[in-house]
file structure_28.txt (compact mmCIF, C-alpha atoms)
# COMPACT_ATOMS: atom_id res chain seq x y z
CA MET A 1 -25.06 -84.56 -242.52
CA THR A 2 -26.58 -82.34 -245.21
CA THR A 3 -24.07 -80.47 -247.36
CA ILE A 4 -25.16 -77.05 -248.63
CA ARG A 5 -22.91 -75.04 -250.93
CA TYR A 6 -23.14 -71.45 -252.15
CA GLU A 7 -21.66 -69.06 -254.73
CA LYS A 8 -18.40 -68.81 -252.80
CA ASP A 9 -17.94 -72.55 -253.27
CA ALA A 10 -18.56 -72.47 -257.03
CA ASP A 11 -16.20 -71.60 -259.89
CA LEU A 12 -18.40 -69.86 -262.44
CA SER A 13 -15.60 -69.89 -265.02
CA ILE A 14 -16.01 -73.64 -265.48
CA ILE A 15 -19.43 -73.38 -267.08
CA GLN A 16 -18.44 -70.12 -268.80
CA GLY A 17 -15.79 -72.12 -270.64
CA LYS A 18 -18.32 -74.60 -272.05
CA LYS A 19 -20.78 -74.60 -274.92
CA VAL A 20 -24.16 -75.45 -273.48
CA ALA A 21 -27.21 -76.87 -275.25
CA ILE A 22 -30.39 -76.54 -273.27
CA GLY A 23 -34.15 -76.10 -273.31
CA HIS A 24 -35.54 -72.60 -272.90
CA ALA A 25 -36.18 -72.62 -269.12
CA HIS A 26 -32.63 -71.90 -267.88
CA ALA A 27 -31.16 -70.35 -271.03
CA LEU A 28 -31.54 -66.65 -270.19
CA ASN A 29 -29.96 -67.02 -266.76
CA LEU A 30 -27.01 -68.86 -268.27
CA LYS A 31 -26.62 -66.27 -271.03
CA GLU A 32 -26.64 -63.39 -268.54
CA SER A 33 -24.04 -65.23 -266.46
CA GLY A 34 -21.67 -65.20 -269.43
CA VAL A 35 -22.26 -68.74 -270.67
CA ASP A 36 -22.12 -69.67 -274.37
CA VAL A 37 -25.60 -71.11 -274.67
CA ARG A 38 -27.83 -72.30 -277.46
CA VAL A 39 -31.41 -73.54 -277.16
CA GLY A 40 -32.27 -76.86 -278.76
CA LEU A 41 -35.95 -77.09 -279.67
CA ARG A 42 -38.09 -79.34 -281.80
CA ALA A 43 -39.82 -77.91 -284.87
CA GLY A 44 -42.89 -75.87 -284.02
CA SER A 45 -41.94 -75.22 -280.38
CA LYS A 46 -43.72 -72.23 -278.88
CA SER A 47 -40.53 -71.31 -276.99
CA ALA A 48 -38.53 -70.56 -280.15
CA LYS A 49 -39.77 -66.99 -280.64
CA LYS A 50 -39.26 -66.15 -276.96
CA ALA A 51 -35.68 -67.40 -277.03
CA GLU A 52 -34.88 -65.62 -280.29
CA ALA A 53 -36.38 -62.38 -278.99
CA ALA A 54 -34.08 -62.64 -275.97
CA GLY A 55 -31.04 -63.04 -278.20
CA VAL A 56 -30.43 -66.73 -277.54
CA PRO A 57 -29.54 -68.81 -280.62
CA VAL A 58 -32.21 -71.39 -281.43
CA LYS A 59 -31.30 -74.59 -283.24
CA SER A 60 -32.71 -78.04 -283.71
CA VAL A 61 -32.01 -80.40 -280.83
CA ARG A 62 -29.47 -82.34 -282.93
CA GLU A 63 -27.64 -79.21 -284.10
CA ALA A 64 -27.46 -77.76 -280.60
CA CYS A 65 -26.11 -81.01 -279.16
CA GLU A 66 -23.52 -81.41 -281.90
CA GLU A 67 -22.08 -78.01 -280.97
CA ALA A 68 -22.23 -78.45 -277.20
CA ASP A 69 -19.93 -79.73 -274.47
CA VAL A 70 -22.76 -79.67 -271.92
CA ILE A 71 -26.29 -80.85 -272.70
CA MET A 72 -29.01 -80.10 -270.15
CA ILE A 73 -32.22 -82.09 -270.78
CA LEU A 74 -35.27 -80.15 -269.59
CA ALA A 75 -37.96 -81.95 -271.60
CA PRO A 76 -40.78 -83.76 -269.77
CA ASP A 77 -39.84 -87.17 -268.35
CA THR A 78 -42.02 -88.96 -270.88
CA ALA A 79 -40.33 -87.29 -273.86
CA GLN A 80 -36.72 -87.59 -272.75
CA LYS A 81 -35.95 -91.13 -273.89
CA ALA A 82 -37.02 -90.51 -277.49
CA ILE A 83 -35.15 -87.18 -277.64
CA TYR A 84 -32.05 -88.79 -276.18
CA LEU A 85 -32.02 -91.74 -278.58
CA GLU A 86 -32.85 -89.68 -281.66
CA ASP A 87 -30.96 -86.43 -281.20
CA ILE A 88 -28.55 -86.59 -278.27
CA ALA A 89 -26.91 -90.03 -278.12
CA PRO A 90 -25.48 -89.84 -281.68
CA THR A 91 -23.68 -86.57 -280.84
CA LEU A 92 -22.03 -87.54 -277.54
CA LYS A 93 -18.25 -87.54 -277.42
CA LYS A 94 -15.62 -88.10 -274.75
CA GLY A 95 -15.53 -85.21 -272.30
CA ASP A 96 -19.17 -84.21 -272.76
CA THR A 97 -21.51 -83.68 -269.85
CA LEU A 98 -25.12 -84.84 -269.88
CA MET A 99 -27.24 -83.01 -267.30
CA PHE A 100 -30.77 -83.43 -265.98
CA ALA A 101 -33.15 -81.42 -263.79
CA HIS A 102 -34.89 -84.59 -262.57
CA GLY A 103 -33.44 -88.07 -262.16
CA PHE A 104 -36.34 -90.24 -263.38
CA ASN A 105 -34.89 -91.51 -266.66
CA ILE A 106 -31.42 -92.16 -265.30
CA HIS A 107 -32.53 -93.75 -262.05
CA PHE A 108 -35.01 -96.07 -263.73
CA LYS A 109 -32.63 -96.77 -266.62
CA ALA A 110 -34.83 -95.49 -269.42
CA ILE A 111 -31.69 -93.63 -270.53
CA THR A 112 -28.27 -95.29 -270.24
CA PRO A 113 -25.48 -92.87 -271.24
CA PRO A 114 -22.10 -94.14 -272.48
CA ASP A 115 -19.39 -94.47 -269.85
CA PHE A 116 -17.21 -91.76 -271.40
CA VAL A 117 -19.51 -88.83 -270.47
CA ASP A 118 -20.23 -87.16 -267.16
CA VAL A 119 -23.84 -87.44 -265.97
CA SER A 120 -25.06 -84.96 -263.35
CA MET A 121 -28.15 -83.19 -262.13
CA ILE A 122 -29.12 -79.71 -261.01
CA ALA A 123 -32.73 -79.74 -259.85
CA PRO A 124 -34.02 -76.27 -258.87
CA LYS A 125 -36.81 -76.51 -256.33
CA SER A 126 -39.27 -74.38 -258.26
CA PRO A 127 -40.79 -74.13 -261.74
CA GLY A 128 -38.68 -72.64 -264.53
CA HIS A 129 -40.40 -69.25 -264.45
CA ARG A 130 -39.46 -68.82 -260.77
CA VAL A 131 -35.85 -69.73 -261.55
CA ARG A 132 -35.90 -66.82 -263.98
CA GLU A 133 -37.81 -64.37 -261.77
CA THR A 134 -35.63 -64.85 -258.70
CA TYR A 135 -32.46 -64.55 -260.79
CA GLN A 136 -33.67 -61.21 -262.20
CA GLU A 137 -34.39 -60.06 -258.65
CA GLY A 138 -30.79 -60.80 -257.67
CA GLY A 139 -31.56 -64.01 -255.84
CA GLY A 140 -32.13 -67.62 -256.75
CA VAL A 141 -34.01 -70.76 -255.81
CA PRO A 142 -32.35 -73.63 -253.92
CA ALA A 143 -31.32 -76.62 -256.00
CA LEU A 144 -30.30 -80.23 -255.55
CA LEU A 145 -27.03 -81.48 -257.05
CA ALA A 146 -26.18 -85.08 -257.86
CA VAL A 147 -23.51 -86.87 -259.86
CA HIS A 148 -24.42 -90.20 -261.43
CA GLN A 149 -21.29 -90.72 -263.53
CA ASP A 150 -17.96 -88.93 -263.17
CA ALA A 151 -15.90 -89.90 -266.21
CA SER A 152 -13.81 -86.72 -266.12
CA GLY A 153 -13.31 -86.46 -262.38
CA LYS A 154 -14.74 -82.94 -262.61
CA ALA A 155 -18.49 -83.58 -262.81
CA ASP A 156 -19.31 -82.15 -259.38
CA ALA A 157 -17.40 -78.89 -259.99
CA LEU A 158 -19.11 -78.33 -263.33
CA ALA A 159 -22.56 -79.04 -261.91
CA LEU A 160 -21.96 -76.57 -259.07
CA SER A 161 -20.75 -74.02 -261.61
CA TYR A 162 -23.97 -74.52 -263.58
CA ALA A 163 -25.98 -74.01 -260.39
CA ALA A 164 -24.17 -70.72 -259.83
CA ALA A 165 -24.90 -69.61 -263.41
CA ILE A 166 -28.67 -70.06 -263.04
CA GLY A 167 -28.68 -68.36 -259.62
CA SER A 168 -29.28 -71.38 -257.42
CA ALA A 169 -25.94 -71.11 -255.63
CA ARG A 170 -27.12 -67.75 -254.28
CA ALA A 171 -29.79 -69.60 -252.31
CA GLY A 172 -27.96 -72.87 -251.61
CA VAL A 173 -27.18 -76.14 -253.37
CA ILE A 174 -27.80 -79.39 -251.50
CA ASN A 175 -25.91 -82.56 -252.38
CA THR A 176 -28.07 -85.61 -253.07
CA THR A 177 -28.17 -88.67 -255.32
CA PHE A 178 -30.22 -89.45 -258.40
CA ALA A 179 -32.05 -92.11 -256.38
CA GLU A 180 -32.91 -89.81 -253.47
CA GLU A 181 -34.05 -86.93 -255.68
CA THR A 182 -36.19 -89.14 -257.90
CA GLU A 183 -37.81 -91.21 -255.17
CA THR A 184 -38.58 -88.30 -252.85
CA ASP A 185 -39.88 -86.17 -255.73
CA LEU A 186 -42.28 -88.88 -256.92
CA PHE A 187 -43.39 -89.64 -253.37
CA GLY A 188 -43.99 -85.98 -252.54
CA GLU A 189 -46.06 -85.47 -255.69
CA GLN A 190 -48.16 -88.58 -255.16
CA ALA A 191 -48.61 -88.75 -251.39
CA VAL A 192 -48.87 -85.04 -250.56
CA LEU A 193 -48.58 -82.29 -253.15
CA CYS A 194 -50.84 -83.60 -255.92
CA GLY A 195 -52.39 -86.97 -255.14
CA GLY A 196 -52.85 -86.51 -251.41
CA VAL A 197 -54.10 -82.93 -251.54
CA SER A 198 -56.43 -83.54 -254.49
CA ALA A 199 -58.00 -86.58 -252.84
CA LEU A 200 -58.35 -84.79 -249.50
CA VAL A 201 -60.00 -81.75 -251.09
CA LYS A 202 -62.46 -83.90 -253.06
CA ALA A 203 -63.25 -86.10 -250.06
CA GLY A 204 -63.96 -83.08 -247.85
CA PHE A 205 -66.12 -81.48 -250.54
CA GLU A 206 -68.07 -84.70 -251.17
CA THR A 207 -68.62 -85.30 -247.43
CA LEU A 208 -70.22 -81.87 -247.00
CA VAL A 209 -72.31 -82.09 -250.17
CA ASP A 210 -73.50 -85.61 -249.36
CA ALA A 211 -74.54 -84.32 -245.92
CA GLY A 212 -76.78 -81.74 -247.56
CA TYR A 213 -74.62 -78.61 -247.49
CA GLN A 214 -74.53 -76.28 -250.49
CA PRO A 215 -71.78 -77.20 -253.01
CA GLU A 216 -70.74 -73.55 -253.23
CA VAL A 217 -70.15 -73.34 -249.48
CA ALA A 218 -68.31 -76.69 -249.53
CA TYR A 219 -66.09 -75.38 -252.33
CA PHE A 220 -65.03 -72.34 -250.31
CA GLU A 221 -64.33 -74.36 -247.16
CA CYS A 222 -62.46 -77.29 -248.76
CA LEU A 223 -60.68 -75.81 -251.80
CA HIS A 224 -60.70 -72.02 -251.99
CA GLU A 225 -59.33 -71.38 -248.49
CA LEU A 226 -56.56 -73.92 -248.93
CA LYS A 227 -54.38 -71.21 -250.48
CA LEU A 228 -54.45 -69.17 -247.26
CA ILE A 229 -53.18 -72.13 -245.25
CA VAL A 230 -50.52 -73.16 -247.78
CA ASP A 231 -49.23 -69.59 -248.07
CA LEU A 232 -48.78 -69.43 -244.29
CA MET A 233 -46.93 -72.77 -244.28
CA TYR A 234 -44.77 -71.60 -247.20
CA ARG A 235 -43.65 -68.53 -245.29
CA GLY A 236 -43.10 -70.00 -241.84
CA GLY A 237 -43.82 -73.70 -241.69
CA LEU A 238 -46.53 -75.38 -239.67
CA ASN A 239 -45.75 -73.26 -236.60
CA TYR A 240 -46.48 -70.00 -238.43
CA MET A 241 -49.71 -71.40 -239.87
CA ARG A 242 -50.86 -72.44 -236.41
CA TYR A 243 -49.79 -69.09 -234.96
CA SER A 244 -51.83 -67.27 -237.63
CA VAL A 245 -55.13 -69.17 -237.53
CA SER A 246 -57.68 -69.12 -234.72
CA ASP A 247 -57.23 -71.23 -231.59
CA THR A 248 -60.28 -73.20 -232.69
CA ALA A 249 -58.66 -74.03 -236.02
CA GLU A 250 -55.36 -74.88 -234.32
CA TRP A 251 -57.09 -77.23 -231.87
CA GLY A 252 -58.95 -78.84 -234.76
CA ASP A 253 -55.60 -79.36 -236.45
CA TYR A 254 -54.23 -81.24 -233.45
CA VAL A 255 -57.25 -83.46 -232.77
CA ALA A 256 -58.60 -84.12 -236.29
CA GLY A 257 -55.38 -84.42 -238.30
CA PRO A 258 -54.33 -87.77 -236.78
CA GLN A 259 -57.86 -89.12 -237.34
CA ILE A 260 -57.70 -88.35 -241.08
CA ILE A 261 -54.06 -89.29 -241.58
CA GLY A 262 -53.94 -92.24 -239.20
CA PRO A 263 -52.22 -95.65 -239.27
CA GLU A 264 -54.02 -96.77 -242.44
CA ALA A 265 -52.92 -93.69 -244.35
CA ARG A 266 -49.35 -94.09 -243.11
CA LYS A 267 -49.41 -97.74 -244.18
CA ALA A 268 -50.65 -96.67 -247.62
CA MET A 269 -47.80 -94.14 -247.84
CA ASP A 270 -45.29 -96.88 -246.99
CA GLY A 271 -46.74 -99.00 -249.79
CA LEU A 272 -46.63 -96.07 -252.19
CA LEU A 273 -42.99 -95.40 -251.38
CA ALA A 274 -42.16 -99.10 -251.83
CA SER A 275 -43.71 -99.07 -255.33
CA ILE A 276 -41.58 -96.06 -256.23
CA ARG A 277 -38.37 -97.51 -254.84
CA ASP A 278 -38.73 -100.92 -256.45
CA GLY A 279 -39.45 -99.37 -259.85
CA SER A 280 -42.98 -100.76 -260.26
CA PHE A 281 -44.52 -97.27 -260.50
CA ALA A 282 -41.98 -96.27 -263.15
CA ARG A 283 -42.56 -99.45 -265.17
CA THR A 284 -46.32 -98.93 -265.08
CA TRP A 285 -46.04 -95.28 -266.08
CA ILE A 286 -43.59 -95.99 -268.90
CA ALA A 287 -45.87 -98.76 -270.22
CA GLU A 288 -48.88 -96.43 -270.01
CA ASN A 289 -47.06 -93.86 -272.16
CA GLU A 290 -45.90 -96.45 -274.67
CA ALA A 291 -49.54 -97.57 -275.04
CA GLY A 292 -50.70 -94.03 -275.79
CA LYS A 293 -51.84 -93.15 -272.24
CA PRO A 294 -55.40 -94.59 -272.42
CA LYS A 295 -55.95 -94.85 -268.65
CA PHE A 296 -54.29 -91.50 -268.02
CA LEU A 297 -56.47 -89.70 -270.57
CA ALA A 298 -59.67 -91.42 -269.42
CA THR A 299 -58.95 -90.50 -265.79
CA ARG A 300 -58.14 -86.92 -266.73
CA ALA A 301 -61.44 -86.61 -268.61
CA ALA A 302 -63.42 -88.01 -265.67
CA GLU A 303 -61.69 -85.74 -263.15
CA GLN A 304 -62.38 -82.66 -265.28
CA GLU A 305 -66.10 -83.39 -264.92
CA HIS A 306 -66.08 -83.69 -261.11
CA GLU A 307 -68.70 -81.53 -259.37
CA ILE A 308 -66.05 -79.51 -257.56
CA GLU A 309 -64.72 -78.38 -260.94
CA ARG A 310 -68.17 -77.34 -262.18
CA VAL A 311 -68.87 -75.42 -258.98
CA GLY A 312 -65.47 -73.77 -259.00
CA GLY A 313 -65.88 -72.79 -262.63
CA LYS A 314 -68.96 -70.77 -261.65
CA LEU A 315 -67.47 -69.19 -258.53
CA ARG A 316 -63.99 -68.17 -259.60
CA PRO A 317 -65.12 -65.53 -262.15
CA MET A 318 -66.86 -63.76 -259.22
CA MET A 319 -63.48 -63.17 -257.59
CA THR A 320 -61.32 -60.88 -259.72
CA PHE A 321 -58.41 -61.20 -257.27
CA VAL A 322 -58.10 -64.91 -258.07
CA ASP A 323 -56.90 -64.29 -261.66
CA ALA A 324 -58.98 -67.29 -262.66
CA VAL A 325 -57.80 -69.75 -265.29
CA GLU A 326 -60.26 -72.30 -266.62
CA ILE A 327 -59.21 -75.68 -268.00
CA LYS A 328 -62.00 -77.04 -270.16
CA PRO A 329 -62.69 -80.76 -270.60
CA GLY A 330 -60.42 -82.04 -273.35
CA ASP A 331 -57.61 -79.54 -272.66
call {"tool": "encode", "arguments": {"input": "structure_28.txt", "output": "structure tokens"}}
result
Amino acid sequence: MTTIRYEKDADLSIIQGKKVAIGHAHALNLKESGVDVRVGLRAGSKSAKKAEAAGVPVKSVREACEEADVIMILAPDTAQKAIYLEDIAPTLKKGDTLMFAHGFNIHFKAITPPDFVDVSMIAPKSPGHRVRETYQEGGGVPALLAVHQDASGKADALALSYAAAIGSARAGVINTTFAEETETDLFGEQAVLCGGVSALVKAGFETLVDAGYQPEVAYFECLHELKLIVDLMYRGGLNYMRYSVSDTAEWGDYVAGPQIIGPEARKAMDGLLASIRDGSFARTWIAENEAGKPKFLATRAAEQEHEIERVGGKLRPMMTFVDAVEIKPGD
């Protein structure tokens, strides 16, 4: 049964009694919750001026970690191992807590902390800017909590206290494991949120264009209007989306959806999940990064030149309400 905990279940004084080293994303929430926080950033980081302007001490990663009892790693997955080995591992001492917002490097053993530190995770279910915005509004975003290593016997209580300090306990904190968070996060990104949606949008666009329809019309039908549907789902799930669209669209949902996402697609999803769970995806991705990301960069360059991107680049400036942002090839 799912366990969800809230502010009433958390003891904020636990994290208030610690010295916390962290990246910029959660620092302001922690500071305003009465936590002794310092931001650890690498030389030249664009976040340094923002943190300093907000009154948060900025130090090198090594200096921040040497001072801290709690170290929250918010760097990208691909950068964490090097940062850990170079700047964090040499500073760890008995009683410290090492925290993560995503379980990739712990679950796939790219980082192996010593057995005398606590290792836990608070994973807010939104980008960092939304963590900040909702906190300022008096709310918070839900978060996942997991404990990988409990050397002190108090890892769970401290993690929940941290969740309260960034505002997530206002919305609800769900207990999980590093394995569950990592595997479901990777699967969701690949099968649905990024990989699945991107491929579906491109396939729909290409089908219409190949059949002789105007690329501009195909763009509106297969990409632009996706936001309307996703916003409805976001507010009220599939039921609210179906309630809000026309009966024709709802009927098309019921009869066409299973044709597009049929047994072959489900089988492919099973295979995708298996590659995540057995670590083969992680090993491939780690090796790709260690090689300098040649396939990744080549694929990115090719995707940036897709016709749907060229068409969209012409259409979006026509719509001032879109607040268009253009990523140019090479960015």
call {"tool": "atom_distance", "arguments": {"input": "structure_28.txt", "atom1": "atom CA of Val197 of chain A", "atom2": "atom CA of Phe178 of chain A"}}
result
25.7 Å
call {"tool": "residues_around", "arguments": {"input": "structure_28.txt", "residues": "Lys227 of chain A", "least_positions_apart": "5", "cutoff": "12 Å", "atoms": "only C-alpha atoms", "output": "list of chain:residue names"}}
result
A:Val197, A:Val201, A:Phe220, A:Glu221, A:Cys222, A:Leu232, A:Met233, A:Tyr234, A:Met241, A:Val322
call {"tool": "residues_around", "arguments": {"input": "structure_28.txt", "residues": "Ala163 of chain A", "least_positions_apart": "2", "cutoff": "12 Å", "atoms": "all atoms listed in the file", "output": "ChimeraX atom specification"}}
result
/A:5-12,14-16,26,29-30,33,72,99-101,120-125,131,135,140-146,156-161,165-175
call {"tool": "write_last_selection", "arguments": {"input": "structure_28.txt", "atoms": "C-alpha atoms", "output": "CSV table (one decimal), in the coordinates of the input"}}
result
chain,number,residue,atom,x,y,z
A,5,ARG,CA,-22.9,-75.0,-250.9
A,6,TYR,CA,-23.1,-71.4,-252.2
A,7,GLU,CA,-21.7,-69.1,-254.7
A,8,LYS,CA,-18.4,-68.8,-252.8
A,9,ASP,CA,-17.9,-72.6,-253.3
A,10,ALA,CA,-18.6,-72.5,-257.0
A,11,ASP,CA,-16.2,-71.6,-259.9
A,12,LEU,CA,-18.4,-69.9,-262.4
A,14,ILE,CA,-16.0,-73.6,-265.5
A,15,ILE,CA,-19.4,-73.4,-267.1
A,16,GLN,CA,-18.4,-70.1,-268.8
A,26,HIS,CA,-32.6,-71.9,-267.9
A,29,ASN,CA,-30.0,-67.0,-266.8
A,30,LEU,CA,-27.0,-68.9,-268.3
A,33,SER,CA,-24.0,-65.2,-266.5
A,72,MET,CA,-29.0,-80.1,-270.2
A,99,MET,CA,-27.2,-83.0,-267.3
A,100,PHE,CA,-30.8,-83.4,-266.0
A,101,ALA,CA,-33.2,-81.4,-263.8
A,120,SER,CA,-25.1,-85.0,-263.4
A,121,MET,CA,-28.2,-83.2,-262.1
A,122,ILE,CA,-29.1,-79.7,-261.0
A,123,ALA,CA,-32.7,-79.7,-259.8
A,124,PRO,CA,-34.0,-76.3,-258.9
A,125,LYS,CA,-36.8,-76.5,-256.3
A,131,VAL,CA,-35.8,-69.7,-261.6
A,135,TYR,CA,-32.5,-64.6,-260.8
A,140,GLY,CA,-32.1,-67.6,-256.8
A,141,VAL,CA,-34.0,-70.8,-255.8
A,142,PRO,CA,-32.4,-73.6,-253.9
A,143,ALA,CA,-31.3,-76.6,-256.0
A,144,LEU,CA,-30.3,-80.2,-255.6
A,145,LEU,CA,-27.0,-81.5,-257.0
A,146,ALA,CA,-26.2,-85.1,-257.9
A,156,ASP,CA,-19.3,-82.2,-259.4
A,157,ALA,CA,-17.4,-78.9,-260.0
A,158,LEU,CA,-19.1,-78.3,-263.3
A,159,ALA,CA,-22.6,-79.0,-261.9
A,160,LEU,CA,-22.0,-76.6,-259.1
A,161,SER,CA,-20.8,-74.0,-261.6
A,165,ALA,CA,-24.9,-69.6,-263.4
A,166,ILE,CA,-28.7,-70.1,-263.0
A,167,GLY,CA,-28.7,-68.4,-259.6
A,168,SER,CA,-29.3,-71.4,-257.4
A,169,ALA,CA,-25.9,-71.1,-255.6
A,170,ARG,CA,-27.1,-67.8,-254.3
A,171,ALA,CA,-29.8,-69.6,-252.3
A,172,GLY,CA,-28.0,-72.9,-251.6
A,173,VAL,CA,-27.2,-76.1,-253.4
A,174,ILE,CA,-27.8,-79.4,-251.5
A,175,ASN,CA,-25.9,-82.6,-252.4
call {"tool": "atom_distance", "arguments": {"input": "structure_28.txt", "atom1": "atom CA of Pro294 of chain A", "atom2": "atom CA of Ala203 of chain A"}}
result
25.2 Å
call {"tool": "atom_distance", "arguments": {"input": "structure_28.txt", "atom1": "atom CA of Gln149 of chain A", "atom2": "atom CA of Lys81 of chain A"}}
result
18.0 Å
call {"tool": "residues_around", "arguments": {"input": "structure_28.txt", "residues": "segment 44-55 of chain A", "least_positions_apart": "3", "cutoff": "8 Å", "atoms": "only C-alpha atoms", "output": "list in words"}}
result
His24, Leu28, Val39, Leu41 and Val58 of chain A
call {"tool": "closest_residue", "arguments": {"input": "structure_28.txt", "among": "A:Asp36, A:Glu250, A:Glu307, A:Glu288", "to": "Ala64 of chain A", "atoms": "all atoms listed in the file"}}
result
A:Asp36
call {"tool": "residues_around", "arguments": {"input": "structure_28.txt", "residues": "Asn289 of chain A", "least_positions_apart": "6", "cutoff": "12 Å", "atoms": "all atoms listed in the file", "output": "PyMOL selection string"}}
result
chain A and resi 77-79+81-82+282-283+295-297
call {"tool": "closest_residue", "arguments": {"input": "structure_28.txt", "among": "A:Thr299, A:Thr176, A:Thr97, A:Thr91", "to": "Asp69 of chain A", "atoms": "only C-alpha atoms"}}
result
A:Thr97
call {"tool": "closest_residue", "arguments": {"input": "structure_28.txt", "among": "A:Ile83, A:Ala151, A:Ala298, A:Leu315", "to": "Phe116 of chain A", "atoms": "only C-alpha atoms"}}
result
A:Ala151
call {"tool": "build_atoms", "arguments": {"input": "structure_28.txt", "residues": "segment 247-266 of chain A", "atoms": "N, CA and C atoms", "output": "mmCIF file, in the frame of the given file"}}
result
data_model
loop_
_atom_site.group_PDB
_atom_site.id
_atom_site.type_symbol
_atom_site.label_atom_id
_atom_site.label_comp_id
_atom_site.auth_asym_id
_atom_site.auth_seq_id
_atom_site.Cartn_x
_atom_site.Cartn_y
_atom_site.Cartn_z
ATOM 1 N N ASP A 247 -57.493 -70.127 -232.524
ATOM 2 C CA ASP A 247 -57.230 -71.230 -231.590
ATOM 3 C C ASP A 247 -58.144 -72.417 -231.892
ATOM 4 N N THR A 248 -59.353 -72.120 -232.342
ATOM 5 C CA THR A 248 -60.280 -73.200 -232.690
ATOM 6 C C THR A 248 -59.736 -74.024 -233.856
ATOM 7 N N ALA A 249 -59.234 -73.331 -234.877
ATOM 8 C CA ALA A 249 -58.660 -74.030 -236.020
ATOM 9 C C ALA A 249 -57.408 -74.804 -235.620
ATOM 10 N N GLU A 250 -56.588 -74.196 -234.756
ATOM 11 C CA GLU A 250 -55.360 -74.880 -234.320
ATOM 12 C C GLU A 250 -55.699 -76.145 -233.533
ATOM 13 N N TRP A 251 -56.675 -76.050 -232.642
ATOM 14 C CA TRP A 251 -57.090 -77.230 -231.870
ATOM 15 C C TRP A 251 -57.655 -78.311 -232.791
ATOM 16 N N GLY A 252 -58.431 -77.891 -233.785
ATOM 17 C CA GLY A 252 -58.950 -78.840 -234.760
ATOM 18 C C GLY A 252 -57.842 -79.538 -235.528
ATOM 19 N N ASP A 253 -56.795 -78.790 -235.817
ATOM 20 C CA ASP A 253 -55.600 -79.360 -236.450
ATOM 21 C C ASP A 253 -55.046 -80.508 -235.599
ATOM 22 N N TYR A 254 -54.857 -80.252 -234.328
ATOM 23 C CA TYR A 254 -54.230 -81.240 -233.450
ATOM 24 C C TYR A 254 -55.086 -82.490 -233.247
ATOM 25 N N VAL A 255 -56.408 -82.309 -233.103
ATOM 26 C CA VAL A 255 -57.250 -83.460 -232.770
ATOM 27 C C VAL A 255 -57.775 -84.202 -233.994
ATOM 28 N N ALA A 256 -57.996 -83.480 -235.114
ATOM 29 C CA ALA A 256 -58.600 -84.120 -236.290
ATOM 30 C C ALA A 256 -57.553 -84.669 -237.256
ATOM 31 N N GLY A 257 -56.407 -83.983 -237.350
ATOM 32 C CA GLY A 257 -55.380 -84.420 -238.300
ATOM 33 C C GLY A 257 -55.014 -85.891 -238.153
ATOM 34 N N PRO A 258 -54.692 -86.358 -236.947
ATOM 35 C CA PRO A 258 -54.330 -87.770 -236.780
ATOM 36 C C PRO A 258 -55.477 -88.735 -237.060
ATOM 37 N N GLN A 259 -56.725 -88.251 -236.990
ATOM 38 C CA GLN A 259 -57.860 -89.120 -237.340
ATOM 39 C C GLN A 259 -57.927 -89.325 -238.855
ATOM 40 N N ILE A 260 -57.641 -88.266 -239.609
ATOM 41 C CA ILE A 260 -57.700 -88.350 -241.080
ATOM 42 C C ILE A 260 -56.468 -89.065 -241.624
ATOM 43 N N ILE A 261 -55.308 -88.658 -241.145
ATOM 44 C CA ILE A 261 -54.060 -89.290 -241.580
ATOM 45 C C ILE A 261 -53.584 -90.168 -240.427
ATOM 46 N N GLY A 262 -54.244 -91.302 -240.267
ATOM 47 C CA GLY A 262 -53.940 -92.240 -239.200
ATOM 48 C C GLY A 262 -53.091 -93.400 -239.679
ATOM 49 N N PRO A 263 -53.072 -94.491 -238.931
ATOM 50 C CA PRO A 263 -52.220 -95.650 -239.270
ATOM 51 C C PRO A 263 -52.481 -96.208 -240.663
ATOM 52 N N GLU A 264 -53.733 -96.232 -241.110
ATOM 53 C CA GLU A 264 -54.020 -96.770 -242.440
ATOM 54 C C GLU A 264 -53.412 -95.906 -243.534
ATOM 55 N N ALA A 265 -53.501 -94.593 -243.358
ATOM 56 C CA ALA A 265 -52.920 -93.690 -244.350
ATOM 57 C C ALA A 265 -51.399 -93.817 -244.362
ATOM 58 N N ARG A 266 -50.805 -93.925 -243.169
ATOM 59 C CA ARG A 266 -49.350 -94.090 -243.110
ATOM 60 C C ARG A 266 -48.917 -95.403 -243.751
#
